[in-house]
file query-v3.cif (mmCIF, C-alpha atoms)
data_final
#
loop_
_atom_site.group_PDB
_atom_site.id
_atom_site.type_symbol
_atom_site.label_atom_id
_atom_site.label_comp_id
_atom_site.auth_asym_id
_atom_site.auth_seq_id
_atom_site.Cartn_x
_atom_site.Cartn_y
_atom_site.Cartn_z
ATOM 1 C CA MET A 205 -13.985 -7.140 103.500
ATOM 2 C CA ALA A 206 -11.839 -4.184 102.473
ATOM 3 C CA LEU A 207 -13.680 -3.903 99.146
ATOM 4 C CA THR A 208 -17.098 -4.138 100.792
ATOM 5 C CA ALA A 209 -16.186 -1.597 103.455
ATOM 6 C CA SER A 210 -14.984 0.918 100.872
ATOM 7 C CA LEU A 211 -18.098 0.738 98.656
ATOM 8 C CA PRO A 212 -20.265 3.161 100.735
ATOM 9 C CA GLN A 213 -17.357 5.590 100.772
ATOM 10 C CA GLN A 214 -17.009 5.339 96.979
ATOM 11 C CA LEU A 215 -20.738 5.973 96.538
ATOM 12 C CA SER A 216 -20.583 8.917 98.919
ATOM 13 C CA GLU A 217 -17.701 10.452 96.969
ATOM 14 C CA GLU A 218 -19.584 9.982 93.692
ATOM 15 C CA ASN A 219 -22.706 11.618 95.136
ATOM 16 C CA GLN A 220 -20.678 14.502 96.474
ATOM 17 C CA LYS A 221 -19.021 14.952 93.102
ATOM 18 C CA ALA A 222 -22.418 14.858 91.371
ATOM 19 C CA ASN A 223 -23.648 17.660 93.614
ATOM 20 C CA THR A 224 -20.669 19.951 93.137
ATOM 21 C CA MET A 225 -19.852 22.538 90.530
ATOM 22 C CA LYS A 226 -16.888 24.598 89.448
ATOM 23 C CA ALA A 227 -16.936 28.208 90.611
ATOM 24 C CA ILE A 228 -14.755 31.217 91.286
ATOM 25 C CA ARG A 229 -14.745 32.036 94.996
ATOM 26 C CA ILE A 230 -13.205 34.768 97.124
ATOM 27 C CA HIS A 231 -11.834 33.559 100.469
ATOM 28 C CA GLU A 232 -10.107 36.833 101.393
ATOM 29 C CA TYR A 233 -10.022 40.332 99.961
ATOM 30 C CA GLY A 234 -7.268 41.349 97.582
ATOM 31 C CA GLY A 235 -6.216 41.569 93.942
ATOM 32 C CA PRO A 236 -7.265 39.434 90.954
ATOM 33 C CA GLU A 237 -4.953 36.643 92.185
ATOM 34 C CA TYR A 238 -7.361 36.120 95.102
ATOM 35 C CA LEU A 239 -9.976 34.670 92.745
ATOM 36 C CA ARG A 240 -9.917 30.895 93.321
ATOM 37 C CA PHE A 241 -11.259 28.384 90.792
ATOM 38 C CA GLU A 242 -12.548 25.432 92.822
ATOM 39 C CA ASP A 243 -15.322 22.963 93.560
ATOM 40 C CA CYS A 244 -18.278 23.948 95.716
ATOM 41 C CA PRO A 245 -21.851 22.677 96.277
ATOM 42 C CA ILE A 246 -24.550 23.263 93.693
ATOM 43 C CA PRO A 247 -27.143 25.538 95.332
ATOM 44 C CA THR A 248 -30.801 24.569 95.755
ATOM 45 C CA PRO A 249 -33.610 26.977 94.842
ATOM 46 C CA ALA A 250 -35.911 28.059 97.654
ATOM 47 C CA ALA A 251 -39.520 29.190 97.190
ATOM 48 C CA GLY A 252 -39.748 31.801 94.444
ATOM 49 C CA GLN A 253 -36.280 30.987 93.127
ATOM 50 C CA VAL A 254 -34.838 29.144 90.143
ATOM 51 C CA LEU A 255 -31.613 27.248 89.538
ATOM 52 C CA VAL A 256 -29.896 28.470 86.366
ATOM 53 C CA LYS A 257 -27.258 26.561 84.414
ATOM 54 C CA VAL A 258 -24.886 29.412 83.650
ATOM 55 C CA GLU A 259 -23.945 29.825 79.997
ATOM 56 C CA ALA A 260 -22.283 33.241 80.323
ATOM 57 C CA CYS A 261 -21.685 35.787 83.061
ATOM 58 C CA GLY A 262 -20.651 39.413 82.759
ATOM 59 C CA VAL A 263 -17.621 40.951 84.465
ATOM 60 C CA ASN A 264 -18.072 44.430 85.935
ATOM 61 C CA PRO A 265 -16.138 46.966 88.012
ATOM 62 C CA VAL A 266 -18.461 46.161 90.918
ATOM 63 C CA ASP A 267 -17.035 42.617 90.902
ATOM 64 C CA ALA A 268 -13.569 44.058 91.484
ATOM 65 C CA TRP A 269 -14.874 46.355 94.216
ATOM 66 C CA PHE A 270 -16.333 43.328 96.021
ATOM 67 C CA ARG A 271 -13.151 41.313 95.453
ATOM 68 C CA SER A 272 -10.889 44.038 96.865
ATOM 69 C CA GLY A 273 -13.085 44.642 99.905
ATOM 70 C CA HIS A 274 -13.930 48.192 98.809
ATOM 71 C CA LEU A 275 -17.641 47.519 99.375
ATOM 72 C CA LYS A 276 -17.437 45.425 102.548
ATOM 73 C CA ALA A 277 -18.737 48.299 104.667
ATOM 74 C CA HIS A 278 -21.907 48.376 102.545
ATOM 75 C CA PHE A 279 -22.335 44.639 101.937
ATOM 76 C CA ALA A 280 -21.250 42.503 104.888
ATOM 77 C CA ARG A 281 -20.653 39.283 102.964
ATOM 78 C CA PRO A 282 -19.514 36.127 104.745
ATOM 79 C CA LEU A 283 -16.427 34.576 103.139
ATOM 80 C CA PRO A 284 -16.038 32.708 100.888
ATOM 81 C CA PHE A 285 -18.462 34.008 98.275
ATOM 82 C CA ILE A 286 -18.960 33.783 94.514
ATOM 83 C CA PRO A 287 -18.824 37.112 92.610
ATOM 84 C CA GLY A 288 -20.485 38.069 89.347
ATOM 85 C CA TRP A 289 -23.993 39.508 89.209
ATOM 86 C CA GLU A 290 -24.879 39.389 85.501
ATOM 87 C CA VAL A 291 -26.068 36.027 84.245
ATOM 88 C CA ALA A 292 -27.401 34.345 81.134
ATOM 89 C CA GLY A 293 -28.324 30.680 81.064
ATOM 90 C CA THR A 294 -31.039 28.053 81.155
ATOM 91 C CA ILE A 295 -33.393 27.224 84.023
ATOM 92 C CA VAL A 296 -32.884 23.647 85.208
ATOM 93 C CA GLU A 297 -34.979 23.683 88.393
ATOM 94 C CA THR A 298 -37.700 25.868 89.892
ATOM 95 C CA GLY A 299 -38.634 26.428 93.516
ATOM 96 C CA VAL A 300 -42.120 26.370 94.963
ATOM 97 C CA GLY A 301 -44.390 29.107 93.642
ATOM 98 C CA VAL A 302 -42.494 29.901 90.443
ATOM 99 C CA THR A 303 -44.991 30.137 87.587
ATOM 100 C CA ARG A 304 -43.724 32.936 85.317
ATOM 101 C CA LEU A 305 -40.632 30.992 84.183
ATOM 102 C CA THR A 306 -40.225 27.307 83.363
ATOM 103 C CA VAL A 307 -37.526 24.651 83.234
ATOM 104 C CA GLY A 308 -35.681 24.800 79.911
ATOM 105 C CA GLU A 309 -36.283 28.516 79.402
ATOM 106 C CA ARG A 310 -33.289 30.714 78.524
ATOM 107 C CA VAL A 311 -33.097 33.683 80.870
ATOM 108 C CA PHE A 312 -30.848 36.583 81.830
ATOM 109 C CA GLY A 313 -30.759 39.238 84.477
ATOM 110 C CA MET A 314 -29.109 41.073 87.335
ATOM 111 C CA LEU A 315 -28.536 39.091 90.516
ATOM 112 C CA ASN A 316 -28.718 40.129 94.164
ATOM 113 C CA PHE A 317 -25.442 41.682 95.376
ATOM 114 C CA ALA A 318 -26.139 40.193 98.822
ATOM 115 C CA ALA A 319 -26.157 36.623 97.435
ATOM 116 C CA ASP A 320 -23.656 34.466 95.576
ATOM 117 C CA GLY A 321 -23.075 35.452 91.978
ATOM 118 C CA ALA A 322 -22.703 33.801 88.587
ATOM 119 C CA TYR A 323 -18.974 33.022 88.303
ATOM 120 C CA ALA A 324 -20.057 29.387 88.502
ATOM 121 C CA GLU A 325 -21.613 26.532 86.604
ATOM 122 C CA TYR A 326 -24.929 27.092 88.404
ATOM 123 C CA VAL A 327 -26.536 29.952 90.293
ATOM 124 C CA VAL A 328 -29.729 30.356 92.306
ATOM 125 C CA THR A 329 -31.698 33.590 92.121
ATOM 126 C CA ASP A 330 -35.182 34.999 92.575
ATOM 127 C CA ALA A 331 -37.270 34.344 89.482
ATOM 128 C CA SER A 332 -38.529 37.932 89.692
ATOM 129 C CA ARG A 333 -35.065 39.208 88.700
ATOM 130 C CA LEU A 334 -34.939 37.398 85.352
ATOM 131 C CA SER A 335 -36.182 38.049 81.833
ATOM 132 C CA PRO A 336 -36.463 35.606 78.925
ATOM 133 C CA ILE A 337 -33.601 35.937 76.442
ATOM 134 C CA PRO A 338 -34.820 36.906 72.949
ATOM 135 C CA SER A 339 -34.614 33.893 70.639
ATOM 136 C CA ASN A 340 -32.110 35.602 68.333
ATOM 137 C CA MET A 341 -29.797 36.839 71.094
ATOM 138 C CA THR A 342 -26.688 34.943 72.176
ATOM 139 C CA SER A 343 -26.031 34.157 75.819
ATOM 140 C CA VAL A 344 -22.783 36.158 75.623
ATOM 141 C CA ASP A 345 -24.619 39.294 74.475
ATOM 142 C CA ALA A 346 -27.345 38.737 77.072
ATOM 143 C CA ALA A 347 -24.789 38.425 79.878
ATOM 144 C CA ALA A 348 -23.138 41.682 78.803
ATOM 145 C CA LEU A 349 -26.295 43.726 79.227
ATOM 146 C CA PRO A 350 -28.017 43.672 82.666
ATOM 147 C CA ILE A 351 -25.905 45.740 85.089
ATOM 148 C CA ALA A 352 -24.284 48.166 82.667
ATOM 149 C CA GLY A 353 -27.415 48.509 80.561
ATOM 150 C CA LEU A 354 -29.776 49.106 83.463
ATOM 151 C CA THR A 355 -27.308 51.474 85.125
ATOM 152 C CA GLY A 356 -27.099 53.712 82.065
ATOM 153 C CA VAL A 357 -30.843 53.663 81.514
ATOM 154 C CA GLN A 358 -31.683 54.400 85.152
ATOM 155 C CA LEU A 359 -29.237 57.305 85.357
ATOM 156 C CA VAL A 360 -31.116 59.000 82.518
ATOM 157 C CA GLU A 361 -34.699 57.874 83.025
ATOM 158 C CA THR A 362 -34.954 57.615 86.810
ATOM 159 C CA VAL A 363 -32.341 59.873 88.412
ATOM 160 C CA LEU A 364 -32.373 62.690 85.860
ATOM 161 C CA ASP A 365 -35.884 62.072 84.521
ATOM 162 C CA CYS A 366 -34.513 63.327 81.218
ATOM 163 C CA ARG A 367 -36.901 65.410 79.078
ATOM 164 C CA PRO A 368 -36.961 66.368 75.383
ATOM 165 C CA GLY A 369 -34.477 69.128 74.658
ATOM 166 C CA ASP A 370 -32.388 68.618 77.812
ATOM 167 C CA ARG A 371 -28.690 69.058 77.068
ATOM 168 C CA ILE A 372 -26.812 66.160 78.678
ATOM 169 C CA LEU A 373 -23.117 65.331 78.704
ATOM 170 C CA ILE A 374 -22.344 61.608 78.981
ATOM 171 C CA ALA A 375 -18.783 61.353 80.322
ATOM 172 C CA GLY A 376 -17.321 58.010 79.283
ATOM 173 C CA ALA A 377 -19.820 57.529 76.478
ATOM 174 C CA LEU A 378 -17.981 54.592 74.880
ATOM 175 C CA GLY A 379 -18.139 52.420 77.984
ATOM 176 C CA ALA A 380 -20.915 49.897 78.572
ATOM 177 C CA VAL A 381 -22.781 52.198 80.986
ATOM 178 C CA GLY A 382 -22.147 55.286 78.879
ATOM 179 C CA ARG A 383 -23.516 53.660 75.721
ATOM 180 C CA ALA A 384 -26.732 52.726 77.498
ATOM 181 C CA ALA A 385 -27.053 56.258 78.871
ATOM 182 C CA VAL A 386 -26.595 57.744 75.387
ATOM 183 C CA HIS A 387 -29.256 55.394 74.024
ATOM 184 C CA ALA A 388 -31.743 56.162 76.795
ATOM 185 C CA ALA A 389 -31.228 59.918 76.519
ATOM 186 C CA GLN A 390 -31.747 59.815 72.769
ATOM 187 C CA LEU A 391 -35.001 57.892 73.255
ATOM 188 C CA ARG A 392 -36.127 60.671 75.609
ATOM 189 C CA GLY A 393 -35.388 63.324 72.992
ATOM 190 C CA ALA A 394 -32.460 64.915 74.812
ATOM 191 C CA ARG A 395 -29.582 66.673 73.095
ATOM 192 C CA VAL A 396 -26.734 64.271 73.858
ATOM 193 C CA ILE A 397 -23.064 65.230 74.011
ATOM 194 C CA ALA A 398 -20.787 62.172 74.045
ATOM 195 C CA GLY A 399 -17.744 62.869 76.229
ATOM 196 C CA VAL A 400 -14.619 60.784 75.598
ATOM 197 C CA ARG A 401 -10.871 61.263 75.544
ATOM 198 C CA LYS A 402 -9.511 63.122 72.549
ATOM 199 C CA ASN A 403 -7.929 60.052 70.983
ATOM 200 C CA ARG A 404 -11.325 58.317 70.916
ATOM 201 C CA LEU A 405 -13.425 61.031 69.288
ATOM 202 C CA ALA A 406 -13.506 59.286 65.913
ATOM 203 C CA GLU A 407 -14.766 56.070 67.505
ATOM 204 C CA ALA A 408 -17.358 57.968 69.544
ATOM 205 C CA ARG A 409 -18.936 59.403 66.406
ATOM 206 C CA GLN A 410 -20.354 55.939 65.704
ATOM 207 C CA LEU A 411 -22.692 56.417 68.697
ATOM 208 C CA GLY A 412 -24.837 58.860 66.753
ATOM 209 C CA ALA A 413 -24.887 61.519 69.483
ATOM 210 C CA ASP A 414 -25.780 65.123 68.752
ATOM 211 C CA ASP A 415 -22.320 66.406 69.615
ATOM 212 C CA TYR A 416 -18.968 65.223 70.951
ATOM 213 C CA LEU A 417 -16.511 66.521 73.537
ATOM 214 C CA ALA A 418 -12.883 65.653 74.234
ATOM 215 C CA ILE A 419 -13.119 65.703 78.032
ATOM 216 C CA ASP A 420 -9.313 65.865 78.322
ATOM 217 C CA ASP A 421 -9.051 68.960 76.096
ATOM 218 C CA PRO A 422 -9.279 72.084 78.346
ATOM 219 C CA ASP A 423 -9.992 74.407 75.416
ATOM 220 C CA ALA A 424 -12.873 72.253 74.165
ATOM 221 C CA VAL A 425 -14.291 71.953 77.688
ATOM 222 C CA ALA A 426 -14.069 75.731 78.210
ATOM 223 C CA GLN A 427 -16.248 76.333 75.156
ATOM 224 C CA LEU A 428 -19.148 74.578 76.909
ATOM 225 C CA ALA A 429 -19.015 76.711 80.062
ATOM 226 C CA GLY A 430 -22.480 76.788 81.644
ATOM 227 C CA ALA A 431 -24.084 75.158 78.590
ATOM 228 C CA ILE A 432 -24.922 71.733 80.059
ATOM 229 C CA GLN A 433 -27.961 70.910 82.200
ATOM 230 C CA SER A 434 -26.606 67.645 83.591
ATOM 231 C CA ILE A 435 -23.694 65.239 83.409
ATOM 232 C CA VAL A 436 -23.835 61.459 83.553
ATOM 233 C CA ASP A 437 -20.470 60.458 85.032
ATOM 234 C CA THR A 438 -18.944 57.022 84.455
ATOM 235 C CA VAL A 439 -15.275 58.083 84.609
ATOM 236 C CA GLY A 440 -14.658 59.135 88.217
ATOM 237 C CA PRO A 441 -13.478 62.202 90.165
ATOM 238 C CA ALA A 442 -10.188 62.947 88.389
ATOM 239 C CA ALA A 443 -11.782 63.242 84.947
ATOM 240 C CA LEU A 444 -15.035 64.689 86.261
ATOM 241 C CA ALA A 445 -13.698 67.693 88.165
ATOM 242 C CA PRO A 446 -12.616 69.718 85.076
ATOM 243 C CA LEU A 447 -16.165 69.340 83.703
ATOM 244 C CA TYR A 448 -17.941 71.096 86.592
ATOM 245 C CA GLY A 449 -17.826 74.435 84.820
ATOM 246 C CA THR A 450 -19.824 73.097 81.876
ATOM 247 C CA VAL A 451 -22.924 72.676 84.057
ATOM 248 C CA ALA A 452 -25.354 75.585 84.285
ATOM 249 C CA PRO A 453 -26.393 76.831 87.746
ATOM 250 C CA GLY A 454 -29.026 74.535 89.203
ATOM 251 C CA GLY A 455 -27.732 71.620 87.130
ATOM 252 C CA LYS A 456 -26.998 68.083 88.267
ATOM 253 C CA ILE A 457 -24.261 65.468 88.076
ATOM 254 C CA VAL A 458 -25.142 61.799 88.514
ATOM 255 C CA THR A 459 -22.382 59.257 89.002
ATOM 256 C CA VAL A 460 -21.970 55.521 89.431
ATOM 257 C CA VAL A 461 -18.387 55.631 90.700
ATOM 258 C CA PRO A 462 -18.215 54.731 94.442
ATOM 259 C CA LEU A 463 -15.203 56.935 95.072
ATOM 260 C CA PRO A 464 -14.878 60.318 96.799
ATOM 261 C CA THR A 465 -16.269 63.002 94.531
ATOM 262 C CA ALA A 466 -14.467 66.349 94.359
ATOM 263 C CA PRO A 467 -16.253 69.161 96.234
ATOM 264 C CA ALA A 468 -18.763 71.249 94.344
ATOM 265 C CA ASP A 469 -20.885 74.235 95.250
ATOM 266 C CA PRO A 470 -24.215 72.663 96.337
ATOM 267 C CA ASP A 471 -25.995 75.939 95.635
ATOM 268 C CA ARG A 472 -24.822 75.831 92.023
ATOM 269 C CA LEU A 473 -25.079 72.147 91.194
ATOM 270 C CA ALA A 474 -26.096 68.873 92.830
ATOM 271 C CA ILE A 475 -24.133 65.621 92.758
ATOM 272 C CA GLU A 476 -25.953 62.322 93.234
ATOM 273 C CA ARG A 477 -24.581 58.782 93.263
ATOM 274 C CA HIS A 478 -26.782 55.998 91.898
ATOM 275 C CA SER A 479 -26.799 52.260 92.611
ATOM 276 C CA VAL A 480 -28.378 50.110 89.918
ATOM 277 C CA LYS A 481 -31.599 48.234 90.695
ATOM 278 C CA PRO A 482 -33.067 45.168 88.958
ATOM 279 C CA ASP A 483 -35.775 45.872 86.398
ATOM 280 C CA PRO A 484 -36.598 42.801 84.264
ATOM 281 C CA ASP A 485 -39.203 44.611 82.162
ATOM 282 C CA ARG A 486 -36.879 47.485 81.196
ATOM 283 C CA LEU A 487 -34.063 44.999 80.627
ATOM 284 C CA ALA A 488 -36.242 43.043 78.215
ATOM 285 C CA LYS A 489 -36.940 46.221 76.217
ATOM 286 C CA LEU A 490 -33.238 47.030 76.130
ATOM 287 C CA ALA A 491 -32.514 43.549 74.786
ATOM 288 C CA GLU A 492 -35.105 44.094 72.070
ATOM 289 C CA ASP A 493 -33.244 47.252 71.047
ATOM 290 C CA VAL A 494 -30.000 45.259 70.831
ATOM 291 C CA VAL A 495 -31.410 42.535 68.595
ATOM 292 C CA GLY A 496 -33.297 45.182 66.596
ATOM 293 C CA GLY A 497 -30.068 47.040 65.822
ATOM 294 C CA LYS A 498 -31.130 50.163 67.739
ATOM 295 C CA PHE A 499 -28.524 49.813 70.488
ATOM 296 C CA ALA A 500 -24.953 48.555 70.045
ATOM 297 C CA LEU A 501 -23.113 46.754 72.820
ATOM 298 C CA PRO A 502 -19.406 47.494 73.298
ATOM 299 C CA ASP A 503 -16.817 45.042 72.010
ATOM 300 C CA ILE A 504 -16.990 41.855 74.065
ATOM 301 C CA ASN A 505 -13.981 39.783 75.122
ATOM 302 C CA VAL A 506 -14.961 36.204 75.980
ATOM 303 C CA LEU A 507 -12.813 34.257 78.439
ATOM 304 C CA ALA A 508 -13.214 30.931 80.205
ATOM 305 C CA LEU A 509 -14.604 30.898 83.739
ATOM 306 C CA SER A 510 -11.267 29.566 84.958
ATOM 307 C CA ASP A 511 -9.611 32.694 83.496
ATOM 308 C CA ALA A 512 -11.510 35.148 85.705
ATOM 309 C CA GLU A 513 -8.251 36.407 87.220
ATOM 310 C CA ASN A 514 -7.084 37.482 83.773
ATOM 311 C CA ALA A 515 -10.419 39.191 83.072
ATOM 312 C CA HIS A 516 -10.091 41.247 86.264
ATOM 313 C CA SER A 517 -6.486 42.150 85.453
ATOM 314 C CA LEU A 518 -7.406 43.286 81.940
ATOM 315 C CA MET A 519 -10.361 45.285 83.236
ATOM 316 C CA ALA A 520 -8.070 47.089 85.685
ATOM 317 C CA LYS A 521 -5.804 48.086 82.795
ATOM 318 C CA GLY A 522 -8.532 49.966 80.963
ATOM 319 C CA GLY A 523 -11.108 47.344 80.039
ATOM 320 C CA LEU A 524 -14.029 49.715 80.546
ATOM 321 C CA ARG A 525 -13.989 50.423 76.789
ATOM 322 C CA ARG A 526 -14.911 46.800 76.254
ATOM 323 C CA LYS A 527 -16.939 44.200 78.054
ATOM 324 C CA PHE A 528 -15.567 40.984 79.525
ATOM 325 C CA VAL A 529 -17.784 37.912 79.649
ATOM 326 C CA LEU A 530 -16.912 34.547 81.191
ATOM 327 C CA THR A 531 -18.250 31.402 79.568
ATOM 328 C CA ASP A 532 -17.364 27.716 79.157
ATOM 329 C CA CYS A 533 -18.979 27.479 82.587
#
call {"tool": "encode", "arguments": {"input": "query-v3.cif", "output": "C-alpha cells"}}
result
Amino acid sequence: MALTASLPQQLSEENQKANTMKAIRIHEYGGPEYLRFEDCPIPTPAAGQVLVKVEACGVNPVDAWFRSGHLKAHFARPLPFIPGWEVAGTIVETGVGVTRLTVGERVFGMLNFAADGAYAEYVVTDASRLSPIPSNMTSVDAAALPIAGLTGVQLVETVLDCRPGDRILIAGALGAVGRAAVHAAQLRGARVIAGVRKNRLAEARQLGADDYLAIDDPDAVAQLAGAIQSIVDTVGPAALAPLYGTVAPGGKIVTVVPLPTAPADPDRLAIERHSVKPDPDRLAKLAEDVVGGKFALPDINVLALSDAENAHSLMAKGGLRRKFVLTDC
C-alpha cells in the first residue's frame, strides 16, 4: 500500500523536474552575492513568441543596475526575476503565429527589459526581437553583440545622425559600446577620435580610428578645445566633465550612463541620454561585419552560468574593457 500510494507522488516529482530549468534569479536587490543559482519553471511561449534553449548569454552593466535596484524606479519588476538581456541559442518551440523563425534555428538578439532574461537554460521572447545567427559565428560571439553593439550603433546613427566629415570623440572607445560606436561612425564617414586612458593608447590604435586622445591627460585634452562636434560617452560623469571644453558651441554629448551628468551650459552644448532599442535587421548587419572581419569584438571572458556572481564582481572591477559571457547553460 505504501509503495502504491507513493507512485503518483514520484511521477509528480519527475514531471516537475522535467519542467524545470536552472537559472540565476534575483529575490532582493543588492550586490553580486544576491544572484541565486536555482531551479525554476521552464517558460511557455505565448502567441508570437519562441522558446530558446540558451547556449550563451551576455553580461552587461545594465544587468548590475537591475540587480542593485538602481533601475527599479524605471522598471517595476516583481521579484524574483531572471536578469540578462542578450541571448544566443536554438529555438525549441514556437508560439502561435510565428512564421519567420523555425524550431531548430540558431538565433540571437536583445530581450525585453520588462521580462525575464537569459541567465537560464531556457528563455521566452518575442520572435520579432531575434535574428538568425550567421552560420560561421559562434554562440559566444553572438551573445556578446546585441546590447553593446546596438547601443554603439544607435548613438551614432540615430541620436547623432552622424554625417561624413563630422568630428566625433568616442570616450571609452575600447569598451564594447565604444567599439561599436567607432565602427558605425567610420561607416558614416566621420572623423573619429578614439578616447581612452593614457595607458591604453597603444591598444586603442588597433581600432583604426583617425586620431586618439588620452582623456585623462589635461594637456592633450586642452589641445582639442572647441574642435569636436559631438562626444559619445560610455565612461560616465567623472571622466566626461573634463571633456566638455573640447566640444564646439552648438555641439552635442550623447551618453548611455544612467548616472547624474555634470551640469553644462545648454546654450553651448546639449546632453542627451540614450536607451538602446531592439533592431534585429541592424543587428544582423553588425554580425555580418564581425564574421567578415570588418568589426572586432572586445576580448570575451566565458564563465559558467552558475558563476554569474563572479562575472558581476569582475565587471565591477573594470570589466568594461572586456566582455563577459555566461555559457554551459
call {"tool": "closest_residue", "arguments": {"input": "query-v3.cif", "among": "A:Lys276, A:Lys481, A:Arg281, A:His231", "to": "A:Arg333", "atoms": "all atoms listed in the file"}}
result
A:Lys481
call {"tool": "closest_atom_pairs", "arguments": {"input": "query-v3.cif", "of": "stretch 259-374 of chain A", "to": "stretch 420-430 of chain A", "cutoff": "12 Å", "atoms": "all atoms listed in the file", "output": "JSON lines"}}
result
{"residue": "A:Arg371", "atom": "CA", "partner": "A:Gly430", "partner_atom": "CA", "distance": 10.9}
{"residue": "A:Ile372", "atom": "CA", "partner": "A:Leu428", "partner_atom": "CA", "distance": 11.5}
{"residue": "A:Leu373", "atom": "CA", "partner": "A:Leu428", "partner_atom": "CA", "distance": 10.2}
call {"tool": "atom_distance", "arguments": {"input": "query-v3.cif", "atom1": "atom CA of A:Leu359", "atom2": "atom CA of A:Phe312"}}
result
21.1 Å
call {"tool": "residues_near_point", "arguments": {"input": "query-v3.cif", "point": "(-20.7, 54.3, 82.2)", "cutoff": "10 Å", "atoms": "only C-alpha atoms", "output": "ChimeraX atom specification"}}
result
/A:352-353,355-356,359,374-386,436-440,459-461,524-525
call {"tool": "closest_residue", "arguments": {"input": "query-v3.cif", "among": "A:Ile435, A:Ala331, A:Ala389, A:Ala406", "to": "A:Gly455", "atoms": "only C-alpha atoms"}}
result
A:Ile435
call {"tool": "closest_residue", "arguments": {"input": "query-v3.cif", "among": "A:Pro265, A:Pro502, A:Pro236, A:Gly313", "to": "A:Leu487", "atoms": "only C-alpha atoms"}}
result
A:Gly313
call {"tool": "closest_residue", "arguments": {"input": "query-v3.cif", "among": "A:Ala408, A:Val266, A:Ala318, A:Val258", "to": "A:Ala520", "atoms": "all atoms listed in the file"}}
result
A:Val266
call {"tool": "residues_around", "arguments": {"input": "query-v3.cif", "residues": "A:Asp532", "least_positions_apart": "6", "cutoff": "12 Å", "atoms": "all atoms listed in the file", "output": "list of chain:residue names"}}
result
A:Lys226, A:Ala227, A:Lys257, A:Val258, A:Glu259, A:Ala260, A:Cys261, A:Gly293, A:Tyr323, A:Ala324, A:Glu325, A:Tyr326, A:Ser343, A:Val344, A:Val506, A:Leu507, A:Ala508, A:Leu509, A:Ser510, A:Asp511, A:Ala512
call {"tool": "atom_distance", "arguments": {"input": "query-v3.cif", "atom1": "atom CA of A:Val495", "atom2": "atom CA of A:Ala322"}}
result
23.5 Å
call {"tool": "resolve_selection", "arguments": {"input": "query-v3.cif", "expression": "the PyMOL selection byres ((chain A and resi 346) around 9)", "output": "PyMOL selection string"}}
result
chain A and resi 260-262+290-292+311-313+337-338+341-345+347-350+491
call {"tool": "closest_residue", "arguments": {"input": "query-v3.cif", "among": "A:Asp267, A:Glu513, A:Asp493, A:Asp483", "to": "A:Thr362", "atoms": "all atoms listed in the file"}}
result
A:Asp483
call {"tool": "resolve_selection", "arguments": {"input": "query-v3.cif", "expression": "the PyMOL selection byres ((chain A and resi 528) around 8)", "output": "JSON list (two decimals) with C-alpha atoms, in the coordinates of the input"}}
result
[["chain", "number", "residue", "atom", "x", "y", "z"],
["A", 262, "GLY", "CA", -20.65, 39.41, 82.76],
["A", 263, "VAL", "CA", -17.62, 40.95, 84.46],
["A", 264, "ASN", "CA", -18.07, 44.43, 85.94],
["A", 348, "ALA", "CA", -23.14, 41.68, 78.80],
["A", 504, "ILE", "CA", -16.99, 41.86, 74.06],
["A", 505, "ASN", "CA", -13.98, 39.78, 75.12],
["A", 506, "VAL", "CA", -14.96, 36.20, 75.98],
["A", 507, "LEU", "CA", -12.81, 34.26, 78.44],
["A", 515, "ALA", "CA", -10.42, 39.19, 83.07],
["A", 519, "MET", "CA", -10.36, 45.28, 83.24],
["A", 523, "GLY", "CA", -11.11, 47.34, 80.04],
["A", 526, "ARG", "CA", -14.91, 46.80, 76.25],
["A", 527, "LYS", "CA", -16.94, 44.20, 78.05],
["A", 529, "VAL", "CA", -17.78, 37.91, 79.65],
["A", 530, "LEU", "CA", -16.91, 34.55, 81.19]]
